[in-house]
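The block underneath contains the structure these notes are about, expressed in structure tokens.
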Amino acid sequence: MLDINYILENKEEVKTLLKNKGYEADIDTLCEQLVQKRAIQRSVELNKAEQNKLSKSVPQVKKEGGDVNAIFAKVKELAAENKANEDKLVVLEKEIYDVLVALPNLPDKDLLPGEKENNKPIYYYKEKPIFSFKLKDHVTLEESLGLIDYERGAKVSGAGTWFYTGLGAQLEWALLNFFISEHLKDGFTFMLPPHILNYESGFTAGQFPKFENDIFRLDLPEQFKFMLPTAETALVNYYRGEILKEEELPKKFFAYTPCYRKEAGTNRVEERGMIRGYQFNKVEMVEYTADNDSDRAFEELVNKAKTLVEKLGLHFRVSKLAAGDCSHSMARTYDIEVYLPSLDIYKEVSSVSNARSYQARRGMMRYKDSQGKVHYMHTLNGSGLATSRIFPAILEQYQNEDGSVTIPEVLRPFMGGLTVLKPIKK
RNA sequence: GGAGAAAUACCCAAGCGGCUGAAGGGGUCGGUCUUGAAAACCGAUAGUAGAUGCAAGUCUAGCGAGGGUUCGAAUCCCUCUUUCUCCGCCA
């Protein structure tokens, strides 16, 4: 949620920034409604004050034997006068709220306007790997090495799902363990959140009300519960409705959860296999900071995500996203994109974002500074990392001519010292 | 899932229609005393959101959340949420 007063005082800037993000909104009407709302509110409150004053005088007047009925009548009259304005106020407030709540976050001013095509790679790690033999793609490797069973996944659940089998499950688990051990080393706090969340959590994170259709909602009567699409949604609600002390910040968390998303199911070659499923595993980092500390935290999270991929020895790049490609709730996003040789493309394995106060305003997450002044916190999140693209990237980038795949060194301790995955005989 | 009880400020807790935006403790902060500390004593400490104002301030809302009754609600009524106790079921 944006600061309504900021919108009012910086109308033109807000319009431009929203446009940069590709969002059309009638800011002028919003501001007019706000001014109107305040005028009505003022008159309603003055009337209320009068009513309160009269009501309070009743015991005194009674004691003195005055006419209490005249007061009752007067208050009723005032209340009746106020009714129309009160109704108007409720309607106006709702209208303003609905617009305000749907507005995306303002992108940072240094971001290029526009969509994906204006994303800018700002960092590369290693060169593209060169192979002297015919490459296999990740789906082929997963099957020949006996790591993933897509067919039985489809049988048991449907398209867009799979079983990790045997060493495949071990490799997946090794990745998660590797990420977890690195975050622990960095002093982040390990969290295992609930996977079924309530509406308020989706609202605070910014998924609702705009993106209610992208999540798996549980079929419960009279209750809105959904499967988390990312651990961010849970972690970023941890302090909802709370006021922390400034010295408690920053709070640094990470969590492992599967992520449940409805978006799967394209048939594009790019998204074969586990590239875009209904369920994938991810370790997610979330930081809560003071409102002047989020740029530092952003760098920290980007560096952490980068370091993980570097330690895995994979060729990747970091892209600074254009305004329109940043998520709805985010002011700034950098993607870590790993290279898939078979397709010669880069695929996102981590998205690091700064929401600034956008989520904190929605969830009333604040802190008090040493002067006792209350501020909104800043929230940031970043994958660290999602496995469903790292896994294919490892298979492809580490594949050998004989069809085997060398296991990245950092993962070996988590796989009982195993160094290579060999094709299984049919 | 069933049955009961509860939710008040940083914490505990009183209050059950007007004198309560809230008694009393505890905590925290400051002071007196002390070489220093403890104890004792004295004082301070009520958040938050919104409106208005240059400001001091004033006003509105607010005792789990949302509605209602009433001239007036922490207090009465309804709905919901959460917590606790007991029973059932179960990894």
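Every chain in the structure tokens has a letter given in the order shown (A, B, ...), and although residue numbers restart at 1 in each chain, ligands are simply numbered from 1 in the order shown.
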Hey, list the chain B side of the contact with chain A: 8 Å cut-off, only C-alpha atoms (C1' of nucleotides), answer as an mmCIF file with N, CA and C atoms (P, O5', C5', C4', C3', O3' and C1' of nucleotides), in the first residue's frame.
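In the end it all went to part_12.cif:
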data_model
loop_
_atom_site.group_PDB
_atom_site.id
_atom_site.type_symbol
_atom_site.label_atom_id
_atom_site.label_comp_id
_atom_site.auth_asym_id
_atom_site.auth_seq_id
_atom_site.Cartn_x
_atom_site.Cartn_y
_atom_site.Cartn_z
ATOM 1 P P G B 18 -22.122 3.358 34.895
ATOM 2 O "O5'" G B 18 -21.891 4.831 34.338
ATOM 3 C "C5'" G B 18 -21.080 5.017 33.195
ATOM 4 C "C4'" G B 18 -21.099 6.465 32.783
ATOM 5 C "C3'" G B 18 -20.683 7.433 33.871
ATOM 6 O "O3'" G B 18 -19.711 8.288 33.300
ATOM 7 C "C1'" G B 18 -22.796 8.063 32.967
ATOM 8 P P A B 51 -5.898 12.266 8.056
ATOM 9 O "O5'" A B 51 -6.988 13.223 8.712
ATOM 10 C "C5'" A B 51 -8.283 13.333 8.122
ATOM 11 C "C4'" A B 51 -9.105 14.299 8.923
ATOM 12 C "C3'" A B 51 -8.517 15.699 9.047
ATOM 13 O "O3'" A B 51 -8.794 16.483 7.912
ATOM 14 C "C1'" A B 51 -9.225 14.956 11.163
ATOM 15 P P U B 52 -7.717 17.542 7.418
ATOM 16 O "O5'" U B 52 -7.733 18.623 8.582
ATOM 17 C "C5'" U B 52 -8.871 19.448 8.768
ATOM 18 C "C4'" U B 52 -8.689 20.281 10.006
ATOM 19 C "C3'" U B 52 -7.421 21.105 10.050
ATOM 20 O "O3'" U B 52 -7.523 22.301 9.296
ATOM 21 C "C1'" U B 52 -7.724 20.014 12.117
ATOM 22 P P C B 59 -11.151 18.097 23.256
ATOM 23 O "O5'" C B 59 -11.712 17.523 21.889
ATOM 24 C "C5'" C B 59 -12.875 18.090 21.294
ATOM 25 C "C4'" C B 59 -13.018 17.586 19.881
ATOM 26 C "C3'" C B 59 -13.207 16.085 19.737
ATOM 27 O "O3'" C B 59 -14.534 15.695 20.017
ATOM 28 C "C1'" C B 59 -11.641 16.822 18.150
ATOM 29 P P U B 60 -14.798 14.240 20.610
ATOM 30 O "O5'" U B 60 -14.593 13.323 19.335
ATOM 31 C "C5'" U B 60 -15.487 13.410 18.235
ATOM 32 C "C4'" U B 60 -15.072 12.424 17.168
ATOM 33 C "C3'" U B 60 -14.875 10.995 17.658
ATOM 34 O "O3'" U B 60 -16.100 10.313 17.773
ATOM 35 C "C1'" U B 60 -13.063 11.610 16.291
ATOM 36 P P C B 71 -32.344 6.751 22.965
ATOM 37 O "O5'" C B 71 -31.057 7.676 23.126
ATOM 38 C "C5'" C B 71 -30.871 8.789 22.247
ATOM 39 C "C4'" C B 71 -29.793 9.675 22.810
ATOM 40 C "C3'" C B 71 -28.514 8.958 23.212
ATOM 41 O "O3'" C B 71 -27.666 8.752 22.107
ATOM 42 C "C1'" C B 71 -29.182 10.397 24.945
ATOM 43 P P G B 72 -26.951 7.343 21.976
ATOM 44 O "O5'" G B 72 -26.003 7.317 23.244
ATOM 45 C "C5'" G B 72 -24.845 8.139 23.258
ATOM 46 C "C4'" G B 72 -24.137 8.028 24.575
ATOM 47 C "C3'" G B 72 -23.675 6.627 24.943
ATOM 48 O "O3'" G B 72 -22.446 6.319 24.308
ATOM 49 C "C1'" G B 72 -24.740 7.628 26.796
#
Item to check | Which of stretch 86-271 of chain A DSSP labels alpha helix (DSSP H), written as a PyMOL selection string | outcome: chain A and resi 86-102+138-144+150-156+167-185+199-205+231-235
Next on the checklist: When you look at B:A65 with a cut-off of 12 Å (counting only C-alpha atoms (C1' of nucleotides)), what residues show up, excluding the ones that are within fewer than 5 positions of it in the same chain? I need them as a list in words.
Outcome noted: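 Neighbouring residues, sequence-local ones excluded: A7, U79, C80, U81 and U82 of chain B.
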Keeping only N, CA and C atoms (P, O5', C5', C4', C3', O3' and C1' of nucleotides), write the selected residues to a file as a compact mmCIF listing (two decimals), in the first residue's frame.
# COMPACT_ATOMS: atom_id res chain seq x y z
P A B 7 -12.04 -11.81 30.16
O5' A B 7 -10.98 -11.71 28.97
C5' A B 7 -9.58 -11.75 29.25
C4' A B 7 -8.83 -11.70 27.94
C3' A B 7 -8.87 -10.32 27.28
O3' A B 7 -7.58 -9.97 26.78
C1' A B 7 -9.73 -11.98 25.82
P U B 79 -24.75 -15.42 17.82
O5' U B 79 -23.77 -14.94 16.66
C5' U B 79 -24.16 -15.01 15.28
C4' U B 79 -23.08 -14.42 14.42
C3' U B 79 -21.69 -15.01 14.61
O3' U B 79 -21.51 -16.23 13.93
C1' U B 79 -21.53 -12.65 14.62
P C B 80 -20.49 -17.34 14.51
O5' C B 80 -19.08 -16.70 14.16
C5' C B 80 -18.71 -16.46 12.80
C4' C B 80 -17.49 -15.60 12.75
C3' C B 80 -16.25 -16.17 13.44
O3' C B 80 -15.57 -17.08 12.61
C1' C B 80 -16.52 -13.91 14.08
P U B 81 -14.65 -18.23 13.28
O5' U B 81 -13.41 -17.39 13.82
C5' U B 81 -12.48 -16.81 12.91
C4' U B 81 -11.44 -16.05 13.68
C3' U B 81 -10.68 -16.86 14.71
O3' U B 81 -9.62 -17.60 14.12
C1' U B 81 -11.36 -14.82 15.69
P U B 82 -9.18 -19.00 14.75
O5' U B 82 -8.38 -18.54 16.04
C5' U B 82 -7.17 -17.80 15.92
C4' U B 82 -6.79 -17.24 17.26
C3' U B 82 -6.62 -18.26 18.37
O3' U B 82 -5.35 -18.87 18.34
C1' U B 82 -7.95 -16.47 19.16
Item to check | Residue among A:Leu308, A:Gly273, A:Glu182, A:Gly382 lying closest to A:Glu151, counting only C-alpha atoms | outcome: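 Nearest to A:Glu151: A:Gly273.
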Checklist entry - For A:Tyr278, which of A:Phe133, A:Trp162, A:Tyr256, A:Phe211 is the closest residue, counting only C-alpha atoms? => result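 Of A:Phe133, A:Trp162, A:Tyr256, A:Phe211, the one nearest A:Tyr278 is A:Trp162, counting only C-alpha atoms.
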Item to check | For B:A74: contacts at 10 Å, only C-alpha atoms (C1' of nucleotides), fewer than 2 positions along chain excluded, given as a ChimeraX atom specification | outcome: /B:8,15-16,20-22,63
May I have the residues from that selection written out with C-alpha atoms (C1' of nucleotides), as a PDB file, in the first residue's frame?
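Here's the written file selection33.pdb:
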ATOM      1  C1'   U B   8      -8.815  -4.772  29.367  1.00  0.00           C
ATOM      2  C1'   G B  15     -14.269  -2.700  36.663  1.00  0.00           C
ATOM      3  C1'   C B  16     -20.263  -5.288  34.464  1.00  0.00           C
ATOM      4  C1'   U B  20     -13.529   5.006  33.807  1.00  0.00           C
ATOM      5  C1'   G B  21      -9.370   6.183  28.333  1.00  0.00           C
ATOM      6  C1'   A B  22      -9.641   2.837  32.564  1.00  0.00           C
ATOM      7  C1'   C B  63     -10.911  -2.162  26.547  1.00  0.00           C
TER       8        C B  63
END
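Residues lying within 12 Å of A:Ile424, counting only C-alpha atoms (C1' of nucleotides) and ignoring same-chain neighbours fewer than 4 positions away, are Leu141, Glu142, Glu143, Ser144, Leu145, Gly146, Leu147, Gly166, Leu167, Asp402, Gly403 and Ser404 of chain A.
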Take the residues from that selection and write them out as a PDB file, in the first residue's frame, keeping N, CA and C atoms.
ATOM      1  N   LEU A 141      18.373 -36.107 -19.229  1.00  0.00           N
ATOM      2  CA  LEU A 141      19.312 -36.521 -18.184  1.00  0.00           C
ATOM      3  C   LEU A 141      18.593 -37.023 -16.937  1.00  0.00           C
ATOM      4  N   GLU A 142      17.545 -36.301 -16.535  1.00  0.00           N
ATOM      5  CA  GLU A 142      16.798 -36.714 -15.348  1.00  0.00           C
ATOM      6  C   GLU A 142      16.289 -38.137 -15.496  1.00  0.00           C
ATOM      7  N   GLU A 143      15.847 -38.450 -16.717  1.00  0.00           N
ATOM      8  CA  GLU A 143      15.306 -39.782 -16.936  1.00  0.00           C
ATOM      9  C   GLU A 143      16.397 -40.826 -17.061  1.00  0.00           C
ATOM     10  N   SER A 144      17.452 -40.485 -17.813  1.00  0.00           N
ATOM     11  CA  SER A 144      18.500 -41.499 -18.010  1.00  0.00           C
ATOM     12  C   SER A 144      19.272 -41.772 -16.711  1.00  0.00           C
ATOM     13  N   LEU A 145      19.314 -40.786 -15.845  1.00  0.00           N
ATOM     14  CA  LEU A 145      20.006 -40.991 -14.571  1.00  0.00           C
ATOM     15  C   LEU A 145      19.062 -41.503 -13.476  1.00  0.00           C
ATOM     16  N   GLY A 146      17.795 -41.606 -13.825  1.00  0.00           N
ATOM     17  CA  GLY A 146      16.816 -42.128 -12.859  1.00  0.00           C
ATOM     18  C   GLY A 146      16.559 -41.193 -11.696  1.00  0.00           C
ATOM     19  N   LEU A 147      16.539 -39.886 -11.969  1.00  0.00           N
ATOM     20  CA  LEU A 147      16.397 -38.922 -10.872  1.00  0.00           C
ATOM     21  C   LEU A 147      14.960 -38.451 -10.677  1.00  0.00           C
ATOM     22  N   GLY A 166      14.939 -41.671  -5.657  1.00  0.00           N
ATOM     23  CA  GLY A 166      16.287 -42.141  -5.317  1.00  0.00           C
ATOM     24  C   GLY A 166      17.299 -41.029  -5.227  1.00  0.00           C
ATOM     25  N   LEU A 167      18.329 -41.119  -6.067  1.00  0.00           N
ATOM     26  CA  LEU A 167      19.385 -40.113  -6.041  1.00  0.00           C
ATOM     27  C   LEU A 167      18.875 -38.730  -6.425  1.00  0.00           C
ATOM     28  N   ASP A 402      30.022 -39.305 -21.355  1.00  0.00           N
ATOM     29  CA  ASP A 402      29.478 -40.663 -21.192  1.00  0.00           C
ATOM     30  C   ASP A 402      28.065 -40.666 -20.621  1.00  0.00           C
ATOM     31  N   GLY A 403      27.445 -39.478 -20.513  1.00  0.00           N
ATOM     32  CA  GLY A 403      26.077 -39.411 -20.008  1.00  0.00           C
ATOM     33  C   GLY A 403      25.986 -39.274 -18.511  1.00  0.00           C
ATOM     34  N   SER A 404      27.128 -39.265 -17.837  1.00  0.00           N
ATOM     35  CA  SER A 404      27.115 -39.083 -16.380  1.00  0.00           C
ATOM     36  C   SER A 404      27.123 -37.592 -16.051  1.00  0.00           C
TER      37      SER A 404
END
I'd like to know which residues of stretch 38-124 of chain A are strand (DSSP E or B) (by DSSP, run on the backbone); could you write them as a CSV table (one decimal) with N, CA, C and O atoms, in the first residue's frame?
chain,number,residue,atom,x,y,z
A,120,LYS,N,18.2,-5.5,-17.5
A,120,LYS,CA,19.6,-5.3,-17.9
A,120,LYS,C,20.5,-6.2,-17.1
A,120,LYS,O,20.5,-6.1,-15.9
A,121,PRO,N,21.2,-7.1,-17.8
A,121,PRO,CA,22.2,-7.9,-17.1
A,121,PRO,C,23.3,-7.0,-16.5
A,121,PRO,O,23.8,-6.2,-17.3
A,122,ILE,N,23.6,-7.2,-15.3
A,122,ILE,CA,24.6,-6.3,-14.7
A,122,ILE,C,25.8,-7.1,-14.1
A,122,ILE,O,26.8,-6.5,-13.6
A,123,TYR,N,25.7,-8.4,-14.2
A,123,TYR,CA,26.8,-9.2,-13.7
A,123,TYR,C,26.8,-10.6,-14.3
A,123,TYR,O,25.7,-11.1,-14.5
A,124,TYR,N,28.0,-11.1,-14.7
A,124,TYR,CA,28.1,-12.5,-15.2
A,124,TYR,C,29.1,-13.2,-14.3
A,124,TYR,O,30.1,-12.7,-13.9
Next on the checklist: Between atom CA of A:Gly384 and atom CA of A:Leu301, what is the distance in Å, rounded to a tenth?
Outcome noted: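 These atoms are spaced 8.4 Å apart.
Proximity to B:G2 at 12 Å, evaluated using only C-alpha atoms (C1' of nucleotides) and with sequence-adjacent residues fewer than 6 positions away removed, yields C86, C87, G88 and C89 of chain B.
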Take the selection from the previous step and output its residues with N, CA and C atoms (P, O5', C5', C4', C3', O3' and C1' of nucleotides), as a compact mmCIF listing (two decimals), in the first residue's frame.
# COMPACT_ATOMS: atom_id res chain seq x y z
P C B 86 -7.16 -30.64 30.78
O5' C B 86 -8.61 -31.25 30.56
C5' C B 86 -9.41 -31.65 31.68
C4' C B 86 -10.81 -31.98 31.21
C3' C B 86 -10.90 -33.04 30.13
O3' C B 86 -10.77 -34.35 30.64
C1' C B 86 -12.31 -31.23 29.56
P C B 87 -10.16 -35.51 29.72
O5' C B 87 -11.31 -35.75 28.64
C5' C B 87 -12.51 -36.43 29.02
C4' C B 87 -13.46 -36.45 27.85
C3' C B 87 -12.97 -37.14 26.58
O3' C B 87 -13.02 -38.55 26.67
C1' C B 87 -14.02 -35.11 26.00
P G B 88 -11.96 -39.43 25.83
O5' G B 88 -12.44 -39.20 24.34
C5' G B 88 -13.67 -39.77 23.87
C4' G B 88 -13.90 -39.36 22.45
C3' G B 88 -12.80 -39.74 21.46
O3' G B 88 -12.93 -41.08 21.03
C1' G B 88 -13.40 -37.49 21.12
P C B 89 -11.64 -41.96 20.71
O5' C B 89 -11.11 -41.28 19.38
C5' C B 89 -11.81 -41.44 18.15
C4' C B 89 -11.14 -40.61 17.08
C3' C B 89 -9.66 -40.89 16.86
O3' C B 89 -9.45 -42.04 16.05
C1' C B 89 -9.97 -38.57 17.01
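Note that atom CA of A:Val318 and atom CA of A:Pro341 are 16.9 Å apart.
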Next on the checklist: Rounded to one decimal, what separation in Å do you get between atom CA of A:Leu175 and atom CA of A:Met330?
Outcome noted: 27.4 Å
